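Structure file model13.txt (compact mmCIF, C-alpha atoms) is printed below.
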# COMPACT_ATOMS: atom_id res chain seq x y z
CA MET A 52 21.87 4.13 23.20
CA ASP A 53 18.79 2.99 21.36
CA TYR A 54 16.67 5.58 23.16
CA ILE A 55 18.61 8.36 21.43
CA TYR A 56 17.27 7.23 18.06
CA GLN A 57 13.63 6.88 19.14
CA PRO A 58 11.39 9.96 19.30
CA TRP A 59 11.77 11.43 22.80
CA PRO A 60 8.59 11.38 24.93
CA TRP A 61 7.23 14.57 26.49
CA TYR A 62 8.58 13.76 29.95
CA VAL A 63 12.11 13.70 28.53
CA THR A 64 11.77 16.68 26.18
CA GLY A 65 10.07 19.07 28.64
CA PRO A 66 12.63 18.69 31.46
CA LEU A 67 15.49 18.99 28.95
CA ILE A 68 14.06 22.33 27.77
CA THR A 69 14.14 23.47 31.41
CA PHE A 70 17.75 22.29 31.56
CA VAL A 71 18.64 24.48 28.55
CA MET A 72 16.93 27.42 30.26
CA PHE A 73 18.91 26.67 33.43
CA LEU A 74 22.23 26.68 31.53
CA LEU A 75 21.46 30.07 29.94
CA PHE A 76 20.55 31.70 33.26
CA TYR A 77 23.45 29.99 35.04
CA PHE A 78 25.83 31.60 32.56
CA GLY A 79 24.30 35.00 33.24
CA ARG A 80 22.06 35.27 30.17
CA ARG A 81 18.35 34.67 29.46
CA PHE A 82 16.19 32.38 27.34
CA GLY A 83 14.39 34.04 24.42
CA VAL A 84 14.68 33.30 20.72
CA SER A 85 12.57 35.98 19.03
CA SER A 86 14.77 38.92 20.11
CA ASN A 87 17.37 37.47 17.73
CA LEU A 88 15.10 38.48 14.86
CA GLU A 89 15.66 42.11 15.90
CA SER A 90 19.43 41.58 15.96
CA MET A 91 19.25 40.09 12.46
CA CYS A 92 17.32 43.12 11.19
CA ALA A 93 19.96 45.37 12.77
CA ILE A 94 22.77 43.39 11.10
CA GLY A 95 20.88 43.63 7.82
CA GLY A 96 21.07 47.42 7.98
CA MET A 97 17.45 48.13 8.84
CA GLY A 98 18.75 50.87 11.18
CA ASN A 99 18.94 53.02 8.06
CA PHE A 100 15.14 52.90 7.78
CA VAL A 101 13.82 52.35 11.31
CA ASP A 102 15.67 54.00 14.20
CA PHE A 103 14.95 51.14 16.61
CA PHE A 104 17.43 48.92 14.74
CA LYS A 105 20.35 51.28 15.45
CA PHE A 106 20.98 49.43 18.74
CA ASP A 107 24.29 47.69 19.29
CA TRP A 108 23.47 44.13 18.20
CA LYS A 109 26.97 42.93 19.16
CA LYS A 110 25.88 42.69 22.79
CA ASN A 111 23.50 39.93 21.62
CA THR A 112 26.23 37.91 19.91
CA TRP A 113 25.86 35.16 22.50
CA ASN A 114 22.17 34.74 21.56
CA LEU A 115 22.92 34.76 17.82
CA LEU A 116 25.48 32.01 18.47
CA PHE A 117 22.72 30.13 20.30
CA VAL A 118 20.62 30.33 17.11
CA VAL A 119 23.54 29.15 14.97
CA GLY A 120 23.81 26.27 17.43
CA THR A 121 20.14 25.35 16.97
CA ILE A 122 20.70 25.14 13.19
CA ILE A 123 23.66 22.81 13.80
CA GLY A 124 21.57 20.84 16.30
CA GLY A 125 18.84 20.41 13.69
CA PHE A 126 21.44 19.21 11.19
CA ILE A 127 22.97 16.73 13.64
CA SER A 128 19.63 15.27 14.66
CA TYR A 129 18.52 14.97 11.04
CA GLN A 130 21.77 13.39 9.81
CA TRP A 131 22.59 11.04 12.63
CA LEU A 132 19.91 10.82 15.32
CA THR A 133 16.60 10.32 13.49
CA PRO A 134 16.65 7.09 11.44
CA ASP A 135 12.82 7.12 11.35
CA VAL A 136 11.29 10.53 10.59
CA THR A 137 7.64 9.51 10.98
CA VAL A 138 5.74 11.50 13.60
CA ALA A 139 3.28 9.38 15.59
CA ILE A 140 0.38 11.83 15.55
CA SER A 141 -3.05 10.63 16.61
CA PRO A 142 -5.35 8.80 14.14
CA GLU A 143 -7.95 11.60 14.56
CA THR A 144 -5.35 14.16 13.44
CA ILE A 145 -4.46 12.07 10.38
CA GLN A 146 -8.17 11.75 9.58
CA ASP A 147 -8.81 15.50 9.96
CA LEU A 148 -5.81 16.35 7.79
CA SER A 149 -6.81 13.91 5.09
CA GLU A 150 -10.19 15.68 4.91
CA LEU A 151 -8.26 18.95 4.39
CA GLY A 152 -6.36 17.28 1.52
CA PHE A 153 -3.13 16.49 3.37
CA GLN A 154 -1.80 13.13 2.15
CA ASN A 155 0.40 10.88 4.34
CA ALA A 156 0.10 13.08 7.43
CA GLY A 157 2.86 12.25 9.91
CA SER A 158 5.07 10.38 7.41
CA LYS A 159 7.76 13.02 8.07
CA TYR A 160 8.15 16.18 10.16
CA LEU A 161 6.63 18.64 7.66
CA PRO A 162 3.75 18.34 5.16
CA ASP A 163 4.66 18.74 1.47
CA GLU A 164 1.34 20.57 1.08
CA ILE A 165 2.95 23.56 2.83
CA PHE A 166 6.73 23.05 2.73
CA GLY A 167 7.32 20.96 -0.43
CA SER A 168 9.50 22.46 -3.16
CA GLU A 169 6.60 22.61 -5.65
CA THR A 170 4.43 24.37 -3.10
CA ILE A 171 6.92 27.08 -2.16
CA LEU A 172 7.59 27.83 -5.82
CA SER A 173 3.89 28.51 -6.38
CA LEU A 174 2.60 32.02 -5.69
CA LYS A 175 0.05 30.84 -3.13
CA GLY A 176 2.48 28.54 -1.35
CA PHE A 177 5.19 31.20 -1.11
CA PHE A 178 2.69 33.78 0.10
CA ILE A 179 1.34 31.49 2.84
CA LEU A 180 4.81 30.88 4.28
CA LEU A 181 5.75 34.55 4.05
CA VAL A 182 2.55 35.65 5.83
CA ALA A 183 2.97 32.93 8.46
CA GLY A 184 6.45 34.24 9.22
CA LEU A 185 5.27 37.83 9.19
CA LEU A 186 2.59 37.07 11.79
CA VAL A 187 5.10 35.21 13.98
CA GLY A 188 7.65 38.04 13.83
CA PHE A 189 5.19 40.90 14.27
CA GLY A 190 3.25 39.15 17.04
CA ALA A 191 6.31 37.97 18.97
CA ARG A 192 7.83 41.43 19.21
CA TYR A 193 4.46 43.11 19.84
CA ALA A 194 3.85 40.73 22.74
CA GLY A 195 7.49 41.00 23.83
CA GLY A 196 8.32 37.33 23.50
CA CYS A 197 7.53 34.02 21.84
CA THR A 198 7.11 30.47 23.11
CA SER A 199 10.49 30.50 24.89
CA GLY A 200 10.34 33.96 26.50
CA HIS A 201 6.64 33.96 27.40
CA ALA A 202 5.34 30.36 27.53
CA ILE A 203 8.41 28.83 29.19
CA VAL A 204 10.27 31.60 31.06
CA GLY A 205 7.34 33.94 31.74
CA LEU A 206 4.95 31.24 32.96
CA SER A 207 7.72 29.65 35.06
CA ASN A 208 8.22 33.08 36.64
CA LEU A 209 4.43 33.36 37.24
CA GLU A 210 4.21 36.52 35.15
CA ILE A 211 0.72 37.87 34.41
CA PRO A 212 1.84 39.49 31.10
CA SER A 213 3.08 36.09 29.94
CA LEU A 214 -0.15 34.39 30.96
CA ILE A 215 -2.08 36.94 28.88
CA SER A 216 0.31 36.41 25.95
CA VAL A 217 0.01 32.62 26.10
CA ILE A 218 -3.79 32.92 26.21
CA GLY A 219 -3.39 35.11 23.10
CA PHE A 220 -1.13 32.47 21.46
CA PHE A 221 -3.93 29.95 21.95
CA ILE A 222 -6.73 32.21 20.77
CA GLY A 223 -4.75 32.91 17.59
CA GLY A 224 -3.72 29.30 17.15
CA LEU A 225 -7.26 27.99 17.59
CA ILE A 226 -8.66 30.56 15.13
CA MET A 227 -6.05 29.57 12.54
CA THR A 228 -6.42 25.82 13.05
CA TRP A 229 -10.21 25.60 13.29
CA ILE A 230 -11.33 28.45 10.99
CA PHE A 231 -8.62 29.63 8.58
CA LEU A 232 -6.78 26.39 7.73
CA PRO A 233 -9.97 24.77 6.32
CA LEU A 234 -10.49 27.91 4.21
CA ILE A 235 -6.89 28.00 2.95
CA PHE A 236 -6.58 24.27 2.12
CA MET B 278 35.59 32.94 22.50
CA LYS B 279 33.86 32.71 25.87
CA ASN B 280 30.57 32.83 23.99
CA ILE B 281 31.19 29.48 22.32
CA LYS B 282 29.32 27.75 25.15
CA PHE B 283 26.12 29.40 23.96
CA LEU B 284 26.62 27.82 20.55
CA ILE B 285 26.90 24.43 22.27
CA ILE B 286 23.78 25.09 24.36
CA GLY B 287 22.04 25.99 21.08
CA VAL B 288 23.13 22.68 19.53
CA LEU B 289 21.65 20.93 22.55
CA PHE B 290 18.39 22.88 22.21
CA GLY B 291 18.20 22.08 18.49
CA ILE B 292 18.61 18.37 19.15
CA ILE B 293 16.08 18.38 22.02
CA LEU B 294 13.30 20.13 20.06
CA SER B 295 14.08 17.97 17.05
CA LYS B 296 13.97 14.66 18.91
CA GLY B 297 10.91 15.76 20.88
CA GLU B 298 9.13 16.48 17.56
CA VAL B 299 8.32 19.99 18.80
CA ILE B 300 9.48 21.25 15.40
CA SER B 301 6.92 19.16 13.50
CA TRP B 302 4.08 21.11 11.87
CA TYR B 303 1.84 18.11 12.62
CA ARG B 304 2.50 18.29 16.37
CA ILE B 305 1.42 21.94 16.48
CA TYR B 306 -1.73 21.21 14.45
CA GLU B 307 -2.49 18.25 16.73
CA MET B 308 -2.00 20.45 19.80
CA PHE B 309 -4.48 23.07 18.60
CA LYS B 310 -6.91 20.25 17.78
CA PHE B 311 -6.55 18.93 21.36
CA GLN B 312 -5.85 15.47 19.92
CA SER B 313 -2.71 14.61 21.85
CA PHE B 314 -1.12 15.28 25.21
CA HIS B 315 2.39 15.42 23.71
CA MET B 316 2.88 19.20 23.36
CA TYR B 317 0.95 19.99 26.56
CA GLY B 318 3.16 17.53 28.44
CA ILE B 319 6.30 19.15 27.07
CA ILE B 320 5.32 22.75 27.79
CA GLY B 321 3.65 21.80 31.11
CA SER B 322 6.59 19.82 32.48
CA ALA B 323 9.06 22.50 31.33
CA VAL B 324 7.03 25.18 33.12
CA VAL B 325 6.50 23.22 36.35
CA LEU B 326 10.21 22.40 36.60
CA GLY B 327 11.02 25.97 35.52
CA ALA B 328 8.88 27.38 38.34
CA ILE B 329 10.75 25.22 40.86
CA LEU B 330 14.08 26.27 39.33
CA PHE B 331 13.19 29.96 39.57
CA GLN B 332 12.24 29.54 43.24
CA LEU B 333 15.73 28.15 43.82
CA PHE B 334 17.16 31.14 41.94
CA ASN B 335 15.07 33.60 43.98
CA LYS B 336 16.02 32.03 47.29
CA GLY B 337 19.68 32.14 46.26
CA MET B 338 20.02 28.36 46.52
CA ILE B 339 21.35 28.27 42.97
CA LYS B 340 23.71 31.03 41.97
CA SER B 341 25.24 31.82 38.61
CA PHE B 342 28.62 30.41 37.56
CA ASP B 343 30.37 33.44 39.08
CA GLY B 344 28.42 33.32 42.34
CA GLN B 345 25.88 36.04 41.52
CA GLN B 346 22.20 36.07 42.39
CA ILE B 347 20.19 35.06 39.28
CA ASN B 348 17.37 37.49 38.49
CA ILE B 349 14.71 36.87 35.87
CA PRO B 350 13.99 40.10 33.95
CA PRO B 351 10.28 40.97 34.25
CA LYS B 352 8.03 41.08 31.16
CA LYS B 353 6.50 44.34 29.96
CA LYS B 354 3.05 44.97 31.40
CA GLY B 355 0.06 46.02 29.32
CA PHE B 356 -3.03 44.09 28.33
CA SER B 357 -3.25 45.16 24.68
CA ARG B 358 0.33 44.35 23.73
CA ASN B 359 0.18 40.90 25.28
CA ILE B 360 -3.25 39.84 24.07
CA ILE B 361 -3.14 41.33 20.54
CA GLY B 362 0.52 40.50 20.02
CA GLY B 363 -0.19 37.04 21.37
CA ILE B 364 -3.14 36.45 19.02
CA ILE B 365 -1.12 37.61 15.98
CA PHE B 366 1.74 35.34 17.02
CA GLY B 367 -0.66 32.41 17.54
CA LEU B 368 -2.12 32.82 14.06
CA GLY B 369 1.36 32.57 12.58
CA TRP B 370 2.46 29.75 14.90
CA ALA B 371 -0.45 27.54 13.83
CA LEU B 372 0.01 28.35 10.13
CA ALA B 373 3.78 27.90 9.97
CA GLY B 374 3.65 25.15 12.60
CA ALA B 375 6.82 26.70 13.94
CA CYS B 376 7.75 29.41 16.40
CA PRO B 377 11.10 31.25 16.14
CA GLY B 378 13.28 28.47 17.63
CA PRO B 379 11.98 25.66 15.39
CA MET B 380 12.19 27.87 12.28
CA PHE B 381 15.98 27.76 12.53
CA ILE B 382 16.19 24.14 13.70
CA LEU B 383 14.14 23.06 10.67
CA LEU B 384 16.44 25.05 8.42
CA GLY B 385 19.31 23.00 9.84
CA ARG B 386 17.39 19.87 8.88
CA GLY B 387 17.50 21.05 5.29
CA ALA B 388 13.94 22.39 5.02
CA VAL B 389 14.71 25.38 2.78
CA ALA B 390 11.06 26.48 2.82
CA LEU B 391 11.77 27.87 6.27
CA LEU B 392 13.92 30.56 4.65
CA VAL B 393 10.67 32.07 3.39
CA VAL B 394 9.16 31.91 6.90
CA ILE B 395 12.28 33.49 8.42
CA LEU B 396 12.26 36.22 5.76
CA GLY B 397 8.60 36.86 6.60
CA SER B 398 9.38 37.03 10.31
CA LEU B 399 12.11 39.62 9.72
CA ILE B 400 9.65 41.69 7.67
CA GLY B 401 7.12 41.30 10.50
CA VAL B 402 9.62 42.49 13.13
CA THR B 403 10.52 45.49 10.96
CA MET B 404 6.85 46.30 10.44
CA TYR B 405 6.18 46.14 14.18
CA HIS B 406 8.97 48.58 14.99
CA SER B 407 7.77 50.87 12.20
CA VAL B 408 4.21 51.12 13.48
CA LYS B 409 4.60 50.52 17.23
CA SER B 410 4.04 54.18 18.17
CA LYS B 411 0.63 54.04 16.45
CA ILE B 412 -0.77 50.82 17.96
CA PRO B 413 -2.09 50.18 21.50
CA HIS B 414 0.15 48.66 24.11
Could you quickly redo this structure as structure tokens?
Amino acid sequence: MDYIYQPWPWYVTGPLITFVMFLLFYFGRRFGVSSNLESMCAIGGMGNFVDFFKFDWKKNTWNLLFVVGTIIGGFISYQWLTPDVTVAISPETIQDLSELGFQNAGSKYLPDEIFGSETILSLKGFFILLVAGLLVGFGARYAGGCTSGHAIVGLSNLEIPSLISVIGFFIGGLIMTWIFLPLIF
Amino acid sequence: MKNIKFLIIGVLFGIILSKGEVISWYRIYEMFKFQSFHMYGIIGSAVVLGAILFQLFNKGMIKSFDGQQINIPPKKKGFSRNIIGGIIFGLGWALAGACPGPMFILLGRGAVALLVVILGSLIGVTMYHSVKSKIPH
């Protein structure tokens, strides 16, 4: 039982993600999170402004329930399965982040410098999170998938479009991490 | 409520990404700094096992719960959409430290800041569908 409470190593987490993908396909569905964002826009009445969102989101109810499940899963793991929230990132990462002004890197899942209540109530902090989300949403639907649909399903299915997308994910991620983050923080 | 099983699969997914620290901003930063094998191991092992799984689907050795052949829907082709969309997504992924799945899992962990990220992502999706006829795919 003790293993449940420890952080799970990559060779446990990766295969379990494949298992989740298996369950979704076994039950006749697919594995992709970002399409739920479109359903949420449709539910929110965006069909009044952009015709695309007039689709029947009810056919995606199963996927929306999956998302509700992930929220519950996050709650369960936070409340009962993670007695120690430190993240054992590498010493080099802690060093690099401290040079960027991030204190106590890895002491919990998220840095206060980006997600803390004081930060999100500041104009700059709020704007950073909003833009980050905007890029994720715009990019995921432009590319036709996110980490689940492209990096996991698409690569597993040896899809060239997904390989191109994942290369794009990395180009964007490297530009942000190596060039923009030092300018922002 | 035959769909309730998808809620349970979602709970499982939320716990897995949580316990695997995939939802930690630090793990994403570390990945893009090439300072740990953790995230590469997770994605790599998921993809290798996924590729084997899909071969079993294709050969009909694993069928769906009702005995049907399992087909994986193909992704849309087009260089521009995948590379430009991918780069935009990657910029956001590295800044937020979260892709769409983790955004919701983190919300469940009580990180209310993710509401701002989710709001932004909904605006981004709306913007894409507003301008998609004018951008290259």
Checklist line | Residue among A:Gln57, A:Ser173, A:Ser128, A:Ser213 lying closest to Gly200 in chain A, counting all atoms listed in the file | finding: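 Smallest distance to Gly200 in chain A is found for A:Ser213.
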Note to self: Could you check the closest approach to Phe334 in chain B for each of B:Asn348, B:Ser357, B:Ser322, B:Ser398 and tell me which residue wins, using all atoms listed in the file?
What the structure shows: B:Asn348
Check: How many Å lie between CA of Gly224 in chain A and CA of Ala371 in chain B, rounded to one decimal?
Finding: 5.0 Å
Check: Counting all atoms listed in the file, which residues from chain B have an atom at most 6 Å from any atom of chain A, and could you show them as number ranges by chain?
Finding: B: 280, 283-284, 287-288, 291-292, 296-297, 301-302, 307, 309, 315, 318-319, 322-324, 327-328, 341-342, 354, 358-360, 362-369, 371-373, 377-378, 381-382, 385-386, 390, 393-395, 397-398, 401-402, 405
Next item on the list: Measure the distance from CA of Lys105 in chain A to CA of Ile286 in chain B in Å and round it to one decimal.
Entry: 27.9 Å
Check: CA of Gly374 in chain B and CA of Glu298 in chain B are how many Å apart?
Finding: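 For CA of Gly374 in chain B relative to CA of Glu298 in chain B, the distance reads 11.4 Å.
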Show me, as AutoDock Vina command-line options, the centre and edge lengths in Å to one decimal of the axis-aligned box that covers every listed atom of range 143-156 of chain A with 6 Å on each side.
--center_x -4.9 --center_y 14.9 --center_z 8.0 --size_x 22.6 --size_y 20.1 --size_z 25.0
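In this comparison, which uses only C-alpha atoms, the residue of B:Lys336, B:Leu384, B:Lys352, B:Pro379 approaching Ser295 in chain B most closely is B:Pro379.
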